[in-house]
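Printed here is work01.cif (mmCIF, C-alpha atoms and all ligand atoms):
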data_run
#
loop_
_atom_site.label_atom_id
_atom_site.label_comp_id
_atom_site.auth_asym_id
_atom_site.auth_seq_id
_atom_site.Cartn_x
_atom_site.Cartn_y
_atom_site.Cartn_z
CA MET A 48 -11.88 30.01 8.53
CA GLU A 49 -15.02 29.89 10.63
CA VAL A 50 -16.75 26.67 11.49
CA VAL A 51 -20.43 26.30 10.80
CA GLU A 52 -22.25 24.32 13.44
CA VAL A 53 -24.22 21.43 12.10
CA GLY A 54 -27.44 20.90 13.96
CA VAL A 55 -28.74 17.44 14.70
CA LYS A 56 -31.76 17.79 12.48
CA HIS A 57 -29.52 18.40 9.48
CA ASP A 58 -27.38 15.39 10.09
CA ARG A 59 -28.05 13.04 7.20
CA GLU A 60 -26.75 10.10 9.24
CA GLY A 61 -30.03 10.14 11.10
CA PHE A 62 -31.91 9.42 7.91
CA VAL A 63 -29.88 6.46 6.83
CA LYS A 64 -31.90 3.32 6.40
CA GLY A 65 -29.61 0.42 5.61
CA ASP A 66 -27.24 1.34 2.83
CA ASP A 67 -29.51 3.49 0.69
CA SER A 68 -31.22 6.62 1.83
CA LEU A 69 -33.27 9.04 -0.17
CA LEU A 70 -31.95 12.60 -0.25
CA GLY A 71 -34.17 14.06 -2.92
CA HIS A 72 -36.98 13.14 -5.20
CA GLY A 73 -37.40 15.52 -8.13
CA ALA A 74 -39.41 15.44 -11.32
CA GLU A 75 -36.45 14.05 -13.24
CA GLY A 76 -35.24 11.36 -10.87
CA VAL A 77 -34.05 10.43 -7.41
CA VAL A 78 -30.97 11.32 -5.38
CA LYS A 79 -29.76 8.74 -2.86
CA ARG A 80 -26.93 8.37 -0.47
CA VAL A 81 -25.18 5.04 -1.05
CA LYS A 82 -21.98 3.11 -0.55
CA PHE A 83 -20.15 2.99 -3.88
CA LEU A 84 -17.19 0.58 -4.09
CA GLY A 85 -16.69 1.01 -0.37
CA ARG A 86 -17.00 4.76 -0.19
CA ASP A 87 -19.84 7.09 0.82
CA ALA A 88 -21.35 8.55 -2.31
CA VAL A 89 -24.44 10.15 -3.77
CA VAL A 90 -26.13 8.60 -6.77
CA LYS A 91 -28.44 10.55 -9.00
CA GLU A 92 -30.64 8.42 -11.16
CA ARG A 93 -32.90 9.65 -13.91
CA PHE A 94 -36.17 7.89 -14.59
CA SER A 95 -37.45 7.16 -18.01
CA LYS A 96 -40.75 8.84 -18.78
CA ASP A 97 -43.44 6.46 -19.94
CA TYR A 98 -45.25 9.09 -21.98
CA ARG A 99 -42.20 9.72 -24.15
CA HIS A 100 -41.22 7.63 -27.11
CA PRO A 101 -38.54 5.22 -25.80
CA ILE A 102 -35.84 6.27 -28.27
CA LEU A 103 -36.52 9.98 -27.74
CA ASP A 104 -36.63 9.35 -24.01
CA ARG A 105 -33.22 7.70 -23.99
CA LEU A 106 -31.80 10.49 -26.12
CA LEU A 107 -33.12 13.25 -23.87
CA THR A 108 -32.05 11.46 -20.70
CA SER A 109 -28.52 10.85 -21.93
CA ARG A 110 -28.20 14.43 -23.21
CA ARG A 111 -29.19 15.91 -19.85
CA LEU A 112 -26.94 13.54 -18.01
CA ALA A 113 -24.02 14.41 -20.30
CA GLN A 114 -24.70 18.11 -19.77
CA GLU A 115 -24.70 17.67 -16.02
CA VAL A 116 -21.40 15.75 -16.09
CA LYS A 117 -19.79 18.29 -18.42
CA THR A 118 -20.73 21.23 -16.24
CA MET A 119 -19.47 19.52 -13.09
CA ALA A 120 -16.15 18.73 -14.76
CA ARG A 121 -15.88 22.33 -15.96
CA CYS A 122 -16.65 23.68 -12.51
CA ARG A 123 -13.88 21.68 -10.92
CA LYS A 124 -11.37 22.76 -13.54
CA LEU A 125 -12.27 26.35 -12.72
CA GLY A 126 -11.69 25.68 -9.03
CA ILE A 127 -15.38 25.96 -8.17
CA ALA A 128 -16.31 23.48 -5.46
CA CYS A 129 -18.92 20.92 -6.46
CA PRO A 130 -19.05 17.19 -5.69
CA ALA A 131 -16.24 15.20 -7.32
CA LEU A 132 -17.45 12.89 -10.07
CA TYR A 133 -16.91 9.21 -9.39
CA TYR A 134 -18.64 7.19 -12.07
CA VAL A 135 -21.18 7.69 -14.80
CA ASP A 136 -23.24 4.75 -15.95
CA MET A 137 -24.97 5.78 -19.16
CA ASP A 138 -26.74 2.43 -19.46
CA SER A 139 -28.77 3.00 -16.31
CA ALA A 140 -28.60 6.84 -16.40
CA LYS A 141 -26.80 7.10 -13.06
CA VAL A 142 -24.16 9.53 -11.87
CA TYR A 143 -22.17 8.63 -8.77
CA MET A 144 -20.52 11.55 -7.02
CA GLU A 145 -18.85 12.64 -3.82
CA TYR A 146 -21.06 12.77 -0.74
CA LEU A 147 -20.65 16.10 1.03
CA HIS A 148 -20.41 14.95 4.64
CA SER A 149 -22.59 16.80 7.15
CA ALA A 150 -23.05 19.68 4.75
CA LYS A 151 -26.10 21.82 5.25
CA THR A 152 -28.03 23.72 2.66
CA LEU A 153 -27.99 27.49 2.35
CA LYS A 154 -31.69 27.29 3.14
CA ASP A 155 -30.88 25.89 6.59
CA CYS A 156 -28.05 28.39 7.12
CA LEU A 157 -30.41 31.33 6.59
CA SER A 158 -31.99 30.81 10.00
CA GLU A 159 -28.72 31.83 11.66
CA PRO A 160 -28.25 35.35 13.02
CA LEU A 161 -27.33 38.00 10.48
CA SER A 162 -23.82 38.45 11.91
CA SER A 163 -22.86 34.88 11.01
CA LEU A 164 -24.58 35.20 7.64
CA GLN A 165 -22.12 37.78 6.40
CA PRO A 166 -19.24 35.37 5.57
CA ILE A 167 -21.70 32.90 4.10
CA CYS A 168 -23.14 35.55 1.77
CA ALA A 169 -19.64 36.53 0.68
CA LYS A 170 -18.95 32.93 -0.29
CA VAL A 171 -22.23 32.56 -2.15
CA GLY A 172 -21.60 35.74 -4.17
CA ALA A 173 -18.02 34.73 -4.97
CA LEU A 174 -19.02 31.23 -6.03
CA VAL A 175 -21.84 32.39 -8.31
CA GLY A 176 -19.55 35.12 -9.66
CA ASN A 177 -16.89 32.55 -10.54
CA LEU A 178 -19.52 30.32 -12.11
CA HIS A 179 -20.76 33.14 -14.33
CA ALA A 180 -17.23 34.29 -15.12
CA GLY A 181 -16.77 30.78 -16.52
CA ASP A 182 -19.99 31.15 -18.56
CA ILE A 183 -21.75 28.47 -16.56
CA VAL A 184 -25.43 29.10 -15.94
CA HIS A 185 -26.75 26.87 -13.18
CA GLY A 186 -30.39 26.93 -14.20
CA ASP A 187 -31.82 26.10 -10.75
CA LEU A 188 -30.00 28.33 -8.31
CA THR A 189 -32.14 27.70 -5.24
CA THR A 190 -31.10 27.74 -1.58
CA SER A 191 -31.10 23.93 -1.43
CA ASN A 192 -28.52 23.68 -4.20
CA LEU A 193 -25.83 25.54 -2.31
CA MET A 194 -24.25 23.61 0.55
CA MET A 195 -22.06 24.70 3.44
CA ARG A 196 -19.55 22.18 4.65
CA THR A 197 -18.41 21.80 8.24
CA ASP A 198 -15.05 23.39 7.38
CA GLY A 199 -16.91 26.52 6.31
CA SER A 200 -16.41 26.04 2.58
CA LEU A 201 -19.29 26.33 0.17
CA ALA A 202 -20.14 23.89 -2.62
CA ILE A 203 -22.71 23.95 -5.37
CA ILE A 204 -24.75 20.92 -6.44
CA ASP A 205 -27.48 19.80 -8.83
CA PHE A 206 -26.38 20.70 -12.35
CA GLY A 207 -29.31 18.95 -13.99
CA LEU A 208 -30.53 22.16 -15.65
CA SER A 209 -27.17 23.82 -16.21
CA TYR A 210 -25.75 25.00 -19.51
CA LEU A 211 -23.00 27.11 -21.00
CA SER A 212 -23.91 30.66 -21.92
CA SER A 213 -22.29 34.05 -22.04
CA ALA A 214 -25.66 35.85 -22.26
CA GLU A 215 -26.25 38.48 -19.57
CA GLU A 216 -29.94 37.59 -19.56
CA ASP A 217 -29.24 33.95 -18.60
CA LYS A 218 -26.92 34.97 -15.78
CA ALA A 219 -29.37 37.61 -14.57
CA VAL A 220 -32.14 35.01 -14.41
CA ASP A 221 -29.85 32.78 -12.34
CA LEU A 222 -29.39 35.65 -9.86
CA TYR A 223 -33.09 36.39 -9.86
CA VAL A 224 -33.97 32.79 -9.04
CA LEU A 225 -31.54 32.86 -6.11
CA GLU A 226 -32.88 36.20 -4.89
CA ARG A 227 -36.46 34.94 -4.97
CA ALA A 228 -35.51 31.70 -3.24
CA ILE A 229 -33.85 33.65 -0.41
CA SER A 230 -36.81 36.01 -0.05
CA ASN A 231 -39.16 33.04 0.16
CA VAL A 232 -37.28 31.47 3.05
CA HIS A 233 -36.52 34.40 5.31
CA CYS A 234 -38.07 37.71 4.42
CA GLU A 235 -36.64 39.52 7.51
CA VAL A 236 -33.03 39.15 6.44
CA ALA A 237 -33.60 38.66 2.70
CA GLU A 238 -32.88 42.21 1.62
CA LYS A 239 -29.62 42.41 3.54
CA VAL A 240 -28.57 38.91 2.50
CA ASN A 241 -29.24 39.57 -1.16
CA ALA A 242 -27.31 42.83 -1.06
CA LEU A 243 -24.30 41.13 0.53
CA ILE A 244 -24.36 38.36 -2.06
CA LEU A 245 -24.47 40.79 -4.97
CA GLU A 246 -21.64 42.80 -3.46
CA SER A 247 -19.25 39.84 -3.49
CA TYR A 248 -20.63 38.71 -6.88
CA ARG A 249 -19.49 42.07 -8.24
CA GLN A 250 -16.02 41.57 -6.80
CA ALA A 251 -15.62 38.05 -8.18
CA PHE A 252 -16.88 38.63 -11.71
CA GLY A 253 -15.49 41.29 -14.05
CA SER A 254 -18.64 41.70 -16.15
CA ALA A 255 -20.97 41.70 -13.15
CA LYS A 256 -22.11 45.27 -13.85
CA GLN A 257 -23.86 44.40 -17.11
CA VAL A 258 -25.52 41.35 -15.54
CA LEU A 259 -26.73 43.40 -12.57
CA ARG A 260 -28.20 45.98 -14.93
CA ARG A 261 -30.01 43.16 -16.66
CA LEU A 262 -31.16 41.86 -13.27
CA GLN A 263 -33.13 45.11 -12.78
CA GLU A 264 -35.09 44.34 -15.94
CA VAL A 265 -35.65 40.73 -14.94
CA ARG A 266 -36.96 41.90 -11.56
CA SER A 267 -39.44 44.30 -13.06
CA ARG A 268 -40.65 41.67 -15.49
CA GLY A 269 -41.07 39.36 -12.50
CA ARG A 270 -43.12 41.97 -10.61
CA LYS A 271 -45.38 42.55 -13.59
CA ARG A 272 -45.96 38.85 -13.85
CA LEU A 273 -46.90 38.77 -10.17
CA MET A 274 -49.39 41.63 -10.59
CA VAL A 275 -51.07 39.94 -13.53
CA GLY A 276 -51.29 36.84 -11.36
CA MET B 1078 -7.06 -7.99 -1.17
CA LEU B 1079 -10.50 -8.98 -2.47
CA ARG B 1080 -13.01 -6.28 -3.41
CA ARG B 1081 -16.31 -6.21 -5.24
CA LEU B 1082 -17.77 -4.25 -8.15
CA LEU B 1083 -21.35 -2.95 -8.21
CA ASP B 1084 -22.87 -6.24 -9.38
CA GLY B 1085 -20.81 -8.31 -6.92
CA THR B 1086 -18.08 -9.32 -9.39
CA SER B 1087 -14.86 -9.79 -7.46
CA VAL B 1088 -11.61 -7.98 -7.99
CA GLU B 1089 -8.29 -9.09 -6.55
CA LEU B 1090 -5.63 -6.47 -5.88
CA MET B 1091 -2.00 -7.38 -5.27
CA MET B 1092 1.09 -5.27 -4.82
CA TYR B 1093 4.76 -6.03 -5.22
CA SER B 1094 7.92 -4.11 -4.42
CA ASP B 1095 11.53 -4.78 -5.48
CA VAL B 1096 10.34 -6.41 -8.68
CA LYS B 1097 13.32 -7.61 -10.66
CA ASN B 1098 11.66 -8.97 -13.79
CA SER B 1099 9.18 -6.41 -15.05
CA SER B 1100 10.26 -6.83 -18.67
CA SER B 1101 9.46 -10.54 -18.58
CA ILE B 1102 6.11 -9.70 -16.93
CA LYS B 1103 5.49 -7.25 -19.72
CA SER B 1104 6.05 -9.84 -22.44
CA LYS B 1105 3.79 -12.34 -20.66
CA LEU B 1106 1.07 -9.70 -20.53
CA MET B 1107 1.43 -8.95 -24.21
CA SER B 1108 1.29 -12.60 -25.21
CA GLY B 1109 -1.86 -13.03 -23.13
CA GLU B 1110 -0.20 -15.55 -20.84
CA LEU B 1111 -1.05 -13.43 -17.78
CA GLU B 1112 -4.61 -12.21 -17.36
CA CYS B 1113 -4.41 -9.10 -15.22
CA ALA B 1114 -3.75 -5.39 -15.31
CA VAL B 1115 -0.30 -4.34 -14.12
CA LEU B 1116 0.10 -0.71 -13.11
CA ASP B 1117 2.86 1.57 -11.99
CA LYS B 1118 1.75 1.90 -8.37
CA HIS B 1119 3.08 5.47 -8.08
CA LEU B 1120 0.32 6.68 -10.37
CA VAL B 1121 -2.50 5.37 -8.19
CA MET B 1122 -3.44 7.36 -5.08
CA ASP B 1123 -6.09 5.16 -3.50
CA VAL B 1124 -7.67 1.72 -3.76
CA PHE B 1125 -10.90 3.51 -4.60
CA GLN B 1126 -9.33 5.03 -7.73
CA VAL B 1127 -8.33 1.65 -9.11
CA MET B 1128 -11.69 0.11 -8.15
CA VAL B 1129 -13.48 2.84 -10.08
CA ALA B 1130 -11.27 2.09 -13.09
CA ALA B 1131 -12.09 -1.62 -12.73
CA GLN B 1132 -15.82 -0.81 -12.53
CA MET B 1133 -15.62 1.32 -15.68
CA ALA B 1134 -13.65 -1.34 -17.54
CA TYR B 1135 -15.98 -4.13 -16.51
CA GLN B 1136 -19.11 -2.18 -17.47
CA ARG B 1137 -17.75 -1.10 -20.85
CA TYR B 1138 -16.36 -4.52 -21.64
CA THR B 1139 -19.51 -6.46 -20.76
CA THR B 1140 -21.73 -4.06 -22.74
CA GLY B 1141 -19.52 -4.19 -25.81
CA LYS B 1142 -18.26 -0.62 -25.52
CA ALA B 1143 -14.66 -1.28 -24.64
CA ALA B 1144 -11.89 0.63 -26.39
CA CYS B 1145 -9.33 -2.12 -25.74
CA ARG B 1146 -9.21 -5.77 -26.68
CA THR B 1147 -9.23 -7.15 -23.14
CA MET B 1148 -11.04 -6.16 -19.97
CA HIS B 1149 -7.75 -5.78 -18.11
CA ALA B 1150 -6.30 -3.47 -20.74
CA GLU B 1151 -9.49 -1.48 -20.39
CA VAL B 1152 -8.63 -0.92 -16.70
CA LEU B 1153 -5.57 1.05 -17.77
CA TYR B 1154 -7.60 2.93 -20.34
CA SER B 1155 -10.17 3.80 -17.65
CA LEU B 1156 -7.48 5.21 -15.39
CA SER B 1157 -6.33 7.50 -18.13
CA ALA B 1158 -7.86 10.90 -18.78
CA MET B 1159 -7.12 10.62 -22.49
CA LYS B 1160 -9.49 9.28 -25.10
CA SER B 1161 -6.74 7.91 -27.28
CA ILE B 1162 -5.45 4.48 -26.29
CA SER B 1163 -2.01 4.91 -27.85
CA ASN B 1164 -0.31 6.49 -24.82
CA VAL B 1165 -2.21 4.68 -22.11
CA PHE B 1166 0.07 1.67 -21.81
CA ALA B 1167 3.23 3.74 -21.92
CA THR B 1168 1.87 5.94 -19.14
CA PHE B 1169 0.24 3.57 -16.68
CA GLY B 1170 1.69 0.24 -17.75
CA LEU B 1171 5.10 -1.34 -17.73
CA ASP B 1172 8.16 0.00 -19.47
CA GLY B 1173 10.32 -2.81 -18.18
CA ASN B 1174 11.95 -0.73 -15.45
CA GLN B 1175 9.32 -0.39 -12.73
CA ARG B 1176 10.04 -2.08 -9.45
CA GLU B 1177 6.77 -1.40 -7.65
CA LEU B 1178 3.65 -2.80 -9.23
CA LEU B 1179 -0.05 -2.84 -8.54
CA ILE B 1180 -1.90 -5.79 -10.02
CA VAL B 1181 -5.62 -5.91 -10.72
CA VAL B 1182 -7.48 -9.11 -11.51
CA ILE B 1183 -11.17 -8.92 -12.35
CA ASN B 1184 -12.98 -12.23 -11.88
CA PRO B 1185 -9.96 -13.93 -10.34
CA HIS B 1186 -9.53 -17.71 -10.47
CA LYS B 1187 -7.21 -19.68 -8.26
CA THR B 1188 -5.11 -20.85 -11.21
CA SER B 1189 -4.74 -17.41 -12.79
CA ILE B 1190 -3.75 -15.86 -9.46
CA GLU B 1191 -1.16 -18.56 -8.84
CA LYS B 1192 0.27 -18.06 -12.30
CA ILE B 1193 0.60 -14.32 -11.70
CA GLN B 1194 2.21 -14.84 -8.31
CA SER B 1195 4.73 -17.30 -9.65
CA SER B 1196 5.62 -15.00 -12.55
CA ILE B 1197 6.66 -12.11 -10.35
CA ASP B 1198 10.09 -11.93 -8.83
CA GLY B 1199 9.48 -9.45 -6.02
CA LYS B 1200 8.20 -8.94 -2.49
CA GLU B 1201 4.46 -8.92 -1.90
CA VAL B 1202 3.24 -5.78 -0.09
CA SER B 1203 0.45 -6.50 2.39
CA ASP B 1204 -0.84 -3.02 3.24
CA ILE B 1205 -1.87 -1.91 -0.25
CA GLU B 1206 -4.18 0.79 1.06
CA ARG B 1207 -1.40 2.52 2.98
CA SER B 1208 1.25 2.07 0.32
CA LEU B 1209 -0.94 3.78 -2.28
CA ARG B 1210 -1.95 6.66 -0.03
CA THR B 1211 1.56 7.49 1.03
CA GLY B 1212 3.65 6.66 -1.99
CA TYR B 1213 2.22 8.34 -5.06
CA ASP B 1214 4.07 10.64 -7.43
CA GLU B 1215 2.12 13.86 -7.15
CA ALA B 1216 4.05 15.76 -9.81
CA ARG B 1217 3.65 13.02 -12.42
CA ILE B 1218 -0.03 12.60 -11.61
CA ARG B 1219 -0.65 16.32 -12.01
CA GLU B 1220 1.14 16.22 -15.33
CA ILE B 1221 -0.74 13.16 -16.60
CA TYR B 1222 -4.19 14.46 -15.65
CA LYS B 1223 -3.29 18.10 -16.34
CA ILE B 1224 -4.37 19.27 -12.89
CA SER B 1225 -3.85 22.99 -12.30
CA ASP B 1226 -3.39 24.85 -9.01
CA THR B 1227 -6.82 26.39 -9.58
CA GLU B 1228 -8.43 22.98 -9.71
CA LEU B 1229 -6.89 22.01 -6.38
CA GLN B 1230 -8.82 24.88 -4.78
CA ALA B 1231 -11.99 22.88 -5.42
CA GLY B 1232 -10.75 19.67 -3.84
CA SER B 1233 -8.02 17.08 -3.45
CA ILE B 1234 -5.76 15.75 -6.18
CA LEU B 1235 -7.53 12.39 -5.88
CA ASP B 1236 -10.92 14.04 -6.43
CA ALA B 1237 -9.49 15.87 -9.44
CA ALA B 1238 -8.19 12.66 -11.01
CA LEU B 1239 -11.47 10.81 -10.29
CA SER B 1240 -13.49 13.60 -11.88
CA ARG B 1241 -11.26 13.45 -14.98
CA MET B 1242 -11.68 9.70 -15.31
CA ALA B 1243 -15.46 9.87 -14.91
CA SER B 1244 -16.01 12.74 -17.33
CA LYS B 1245 -13.53 11.82 -20.06
CA SER B 1246 -16.07 10.37 -22.49
CA PHE B 1247 -18.30 13.45 -22.16
CA LEU B 1248 -15.79 16.14 -23.05
N1 LIG A 1301 -23.27 15.42 -3.20
C1 LIG A 1301 -24.13 15.59 -2.20
N2 LIG A 1301 -23.72 15.51 -0.92
C2 LIG A 1301 -24.61 15.68 0.10
N3 LIG A 1301 -25.90 15.94 -0.06
C3 LIG A 1301 -26.39 16.03 -1.31
C4 LIG A 1301 -25.53 15.87 -2.45
N4 LIG A 1301 -26.27 16.00 -3.56
C5 LIG A 1301 -27.51 16.24 -3.15
N5 LIG A 1301 -27.60 16.27 -1.80
C6 LIG A 1301 -28.83 16.52 -1.00
O1 LIG A 1301 -29.93 16.04 -1.73
C7 LIG A 1301 -30.82 17.08 -2.09
C8 LIG A 1301 -31.36 16.87 -3.50
O2 LIG A 1301 -30.30 16.79 -4.42
P1 LIG A 1301 -30.37 17.48 -5.85
O3 LIG A 1301 -30.71 18.92 -5.68
O4 LIG A 1301 -29.13 17.14 -6.59
O5 LIG A 1301 -31.58 16.68 -6.53
P2 LIG A 1301 -32.94 17.15 -7.17
O6 LIG A 1301 -33.50 15.96 -7.85
O7 LIG A 1301 -32.77 18.39 -7.94
O8 LIG A 1301 -33.82 17.45 -5.93
P3 LIG A 1301 -34.63 18.77 -5.67
O9 LIG A 1301 -35.70 18.79 -6.71
O10 LIG A 1301 -35.10 18.60 -4.26
O11 LIG A 1301 -33.67 19.94 -5.82
C9 LIG A 1301 -30.01 18.35 -1.96
O12 LIG A 1301 -30.78 19.50 -1.65
C10 LIG A 1301 -29.06 18.01 -0.81
O13 LIG A 1301 -29.66 18.22 0.44
MG MG A 1302 -31.93 20.37 -6.10
#
Exercise: express the given structure as structure tokens:
Amino acid sequence: MEVVEVGVKHDREGFVKGDDSLLGHGAEGVVKRVKFLGRDAVVKERFSKDYRHPILDRLLTSRRLAQEVKTMARCRKLGIACPALYYVDMDSAKVYMEYLHSAKTLKDCLSEPLSSLQPICAKVGALVGNLHAGDIVHGDLTTSNLMMRTDGSLAIIDFGLSYLSSAEEDKAVDLYVLERAISNVHCEVAEKVNALILESYRQAFGSAKQVLRRLQEVRSRGRKRLMVG
Amino acid sequence: MLRRLLDGTSVELMMYSDVKNSSSIKSKLMSGELECAVLDKHLVMDVFQVMVAAQMAYQRYTTGKAACRTMHAEVLYSLSAMKSISNVFATFGLDGNQRELLIVVINPHKTSIEKIQSSIDGKEVSDIERSLRTGYDEARIREIYKISDTELQAGSILDAALSRMASKSFL
């Protein structure tokens, strides 16, 4: 197993202010690094939206949270690495989970030379292949939602938009989102990286062929949309 | 060993080995004479695992969502991966034969702690942390939580059990 160097700028320790430190701030809520019952953890907290009716708001929030928890539990049962679940507090819409120590995002890994990208790409393809083989659609498969750990293992995070589906279209869109995200970060290596990922995706997932055929269609729809503006 | 829950509520953990009277402890628990949760220590892998169970129990109990009648019974229920409460006490609790016990007291008071201590005929274990980490029954735990080899590819057995406990009410 190869070891991925973790650069100083990626070290989350440097960003810690007191006990709480902000890791992400999305449209749905915040992600913080905290101490939870004595252990390093990540807490994801969903905000309520003032413009929504309070009862509807609570219903939507708890549904999304339940979906996220369900997918994470399913992932782990399938042997797909994602943060372990620690505690879900429905009353305050918080999920506490494992903190992936010194992990760096795929986005940050992409700046490495192509030779060291090869094993990373193989892991990304295998992980997404296993996910899709288990009918899990991630829903936001960007390069910041895949994380490399210091031991060289890959984990997937952020299941806020995930759902269960066996539809080829849904899986193809997942792949397309990832492909676009990679192209946006590093266009020089993007083509090669994407090809390597799809190669190991094909190996990990029995029905990959149909999804990849669908991906062609999704791509051409995407291009048309770009041309129209 | 004193620990705290999210809102600062304290939790006292105690451990005993060579316990000779677990059936009398069991009857005192059932009559409500002892206010604590008593667990088979071989089924707990880490202090963190039991603290998470205490946090879950406390939260559910204080918001009126508990499945069990007492907050301490709810600790056992929280440790379990099953939604039904019928098997929980048989699995994690006392059957009258255990000799090594882990005791959890949420909101401990001096008098209740003393009562527990004087009710147990056994040796107090000081290094709870170490005893849990080194002395758990992996095979039983895998059976109880239904942890497959595949799942252990994604992480440790402790992580697998924690994920089960946290997601049980969503499945
Ligand atoms: N379990 C974790 N361990 C370590 N770092 C994490 C963990 N979860 C999230 N992060 C870090 O926090 C960032 C944001 O987390 P996440 O993607 O779950 O939230 P988000 O609200 O969707 O944010 P964004 O909109 O930026 O994607 C991640 O890109 C990652 O760098
Ligand atoms: Mg994200």
*Mind listing whatever residues come within 10 Å of the point (-6.6, 26.3, -6.7)? Use only C-alpha atoms, file coordinates, and give them as a list in words.*
Arg123, Lys124, Leu125, Gly126 and Ile127 of chain A; Ile1224, Ser1225, Asp1226, Thr1227, Glu1228, Leu1229, Gln1230, Ala1231, Gly1232 and Ser1233 of chain B
For stretch 164-270 of chain A against stretch 88-103 of chain A, with a cut-off of 12 Å and counting all atoms listed in the file, what is the closest atom pair and its distance in Å to one decimal for every residue that makes the cut, ordered by chain and number, as a Markdown table?
| residue | atom | partner | partner_atom | distance |
| --- | --- | --- | --- | --- |
| A:Ile204 | CA | A:Val89 | CA | 11.1 |
| A:Asp205 | CA | A:Lys91 | CA | 9.3 |
| A:Phe206 | CA | A:Lys91 | CA | 10.9 |
| A:Gly207 | CA | A:Lys91 | CA | 9.8 |
Residues contacting ligand LIG 1301 (chain A) - anything with an atom at most 10 Å away, using all atoms listed in the file - can you give me those as a tab-separated table (two decimals) with C-alpha atoms, keeping the file's coordinate frame?
chain	number	residue	atom	x	y	z
A	57	HIS	CA	-29.52	18.40	9.48
A	59	ARG	CA	-28.05	13.04	7.20
A	69	LEU	CA	-33.27	9.04	-0.17
A	70	LEU	CA	-31.95	12.60	-0.25
A	71	GLY	CA	-34.17	14.06	-2.92
A	72	HIS	CA	-36.98	13.14	-5.20
A	73	GLY	CA	-37.40	15.52	-8.13
A	74	ALA	CA	-39.41	15.44	-11.32
A	75	GLU	CA	-36.45	14.05	-13.24
A	76	GLY	CA	-35.24	11.36	-10.87
A	77	VAL	CA	-34.05	10.43	-7.41
A	78	VAL	CA	-30.97	11.32	-5.38
A	79	LYS	CA	-29.76	8.74	-2.86
A	80	ARG	CA	-26.93	8.37	-0.47
A	87	ASP	CA	-19.84	7.09	0.82
A	88	ALA	CA	-21.35	8.55	-2.31
A	89	VAL	CA	-24.44	10.15	-3.77
A	90	VAL	CA	-26.13	8.60	-6.77
A	91	LYS	CA	-28.44	10.55	-9.00
A	92	GLU	CA	-30.64	8.42	-11.16
A	93	ARG	CA	-32.90	9.65	-13.91
A	129	CYS	CA	-18.92	20.92	-6.46
A	130	PRO	CA	-19.05	17.19	-5.69
A	131	ALA	CA	-16.24	15.20	-7.32
A	132	LEU	CA	-17.45	12.89	-10.07
A	143	TYR	CA	-22.17	8.63	-8.77
A	144	MET	CA	-20.52	11.55	-7.02
A	145	GLU	CA	-18.85	12.64	-3.82
A	146	TYR	CA	-21.06	12.77	-0.74
A	147	LEU	CA	-20.65	16.10	1.03
A	148	HIS	CA	-20.41	14.95	4.64
A	149	SER	CA	-22.59	16.80	7.15
A	150	ALA	CA	-23.05	19.68	4.75
A	151	LYS	CA	-26.10	21.82	5.25
A	152	THR	CA	-28.03	23.72	2.66
A	153	LEU	CA	-27.99	27.49	2.35
A	154	LYS	CA	-31.69	27.29	3.14
A	155	ASP	CA	-30.88	25.89	6.59
A	187	ASP	CA	-31.82	26.10	-10.75
A	188	LEU	CA	-30.00	28.33	-8.31
A	189	THR	CA	-32.14	27.70	-5.24
A	190	THR	CA	-31.10	27.74	-1.58
A	191	SER	CA	-31.10	23.93	-1.43
A	192	ASN	CA	-28.52	23.68	-4.20
A	193	LEU	CA	-25.83	25.54	-2.31
A	194	MET	CA	-24.25	23.61	0.55
A	195	MET	CA	-22.06	24.70	3.44
A	196	ARG	CA	-19.55	22.18	4.65
A	202	ALA	CA	-20.14	23.89	-2.62
A	203	ILE	CA	-22.71	23.95	-5.37
A	204	ILE	CA	-24.75	20.92	-6.44
A	205	ASP	CA	-27.48	19.80	-8.83
A	206	PHE	CA	-26.38	20.70	-12.35
A	207	GLY	CA	-29.31	18.95	-13.99
A	208	LEU	CA	-30.53	22.16	-15.65
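The interatomic distance for the pair atom CA of B:Arg1176 and atom CA of B:Leu1209 works out to 14.4 Å.
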*Could you state the separation of atom CA of A:Ala219 and atom CA of A:Val265 in Å, given to one decimal place?*
7.0 Å
_Counting only C-alpha atoms and all ligand atoms, the residue of A:Lys218, A:Ile244, A:Ser209, A:Gln250 that sits nearest ligand MG 1302 (chain A)_ = A:Ser209
Between chain B and chain A, at 9 Å or less, what are the per-residue closest atom pairs and their distances in Å? Count all atoms listed in the file, order by chain and rising residue number, and return it as CSV.
residue,atom,partner,partner_atom,distance
B:Arg1080,CA,A:Leu84,CA,8.1
B:Arg1081,CA,A:Leu84,CA,6.9
B:Leu1082,CA,A:Leu84,CA,6.3
B:Leu1083,CA,A:Leu84,CA,6.8
B:Phe1125,CA,A:Leu84,CA,7.0
B:Gln1126,CA,A:Tyr133,CA,8.8
B:Met1128,CA,A:Leu84,CA,6.9
B:Val1129,CA,A:Tyr134,CA,7.0
B:Gln1132,CA,A:Tyr134,CA,8.5
B:Met1133,CA,A:Tyr134,CA,7.5
B:Gln1136,CA,A:Asp136,CA,8.2
B:Thr1140,CA,A:Asp138,CA,8.8
B:Ile1224,CA,A:Lys124,CA,7.8
B:Ser1225,CA,A:Lys124,CA,7.6
B:Asp1226,CA,A:Gly126,CA,8.3
B:Thr1227,CA,A:Gly126,CA,5.0
B:Glu1228,CA,A:Gly126,CA,4.3
B:Leu1229,CA,A:Gly126,CA,6.6
B:Gln1230,CA,A:Gly126,CA,5.2
B:Ala1231,CA,A:Ala128,CA,4.4
B:Gly1232,CA,A:Ala128,CA,6.9
B:Asp1236,CA,A:Ala131,CA,5.5
B:Ala1237,CA,A:Ala131,CA,7.1
B:Leu1239,CA,A:Tyr133,CA,5.7
B:Ser1240,CA,A:Leu132,CA,4.4
B:Arg1241,CA,A:Ala120,CA,7.2
B:Met1242,CA,A:Tyr133,CA,7.9
B:Ala1243,CA,A:Tyr134,CA,5.0
B:Ser1244,CA,A:Val116,CA,6.3
B:Phe1247,CA,A:Ala113,CA,6.1
B:Leu1248,CA,A:Lys117,CA,6.5
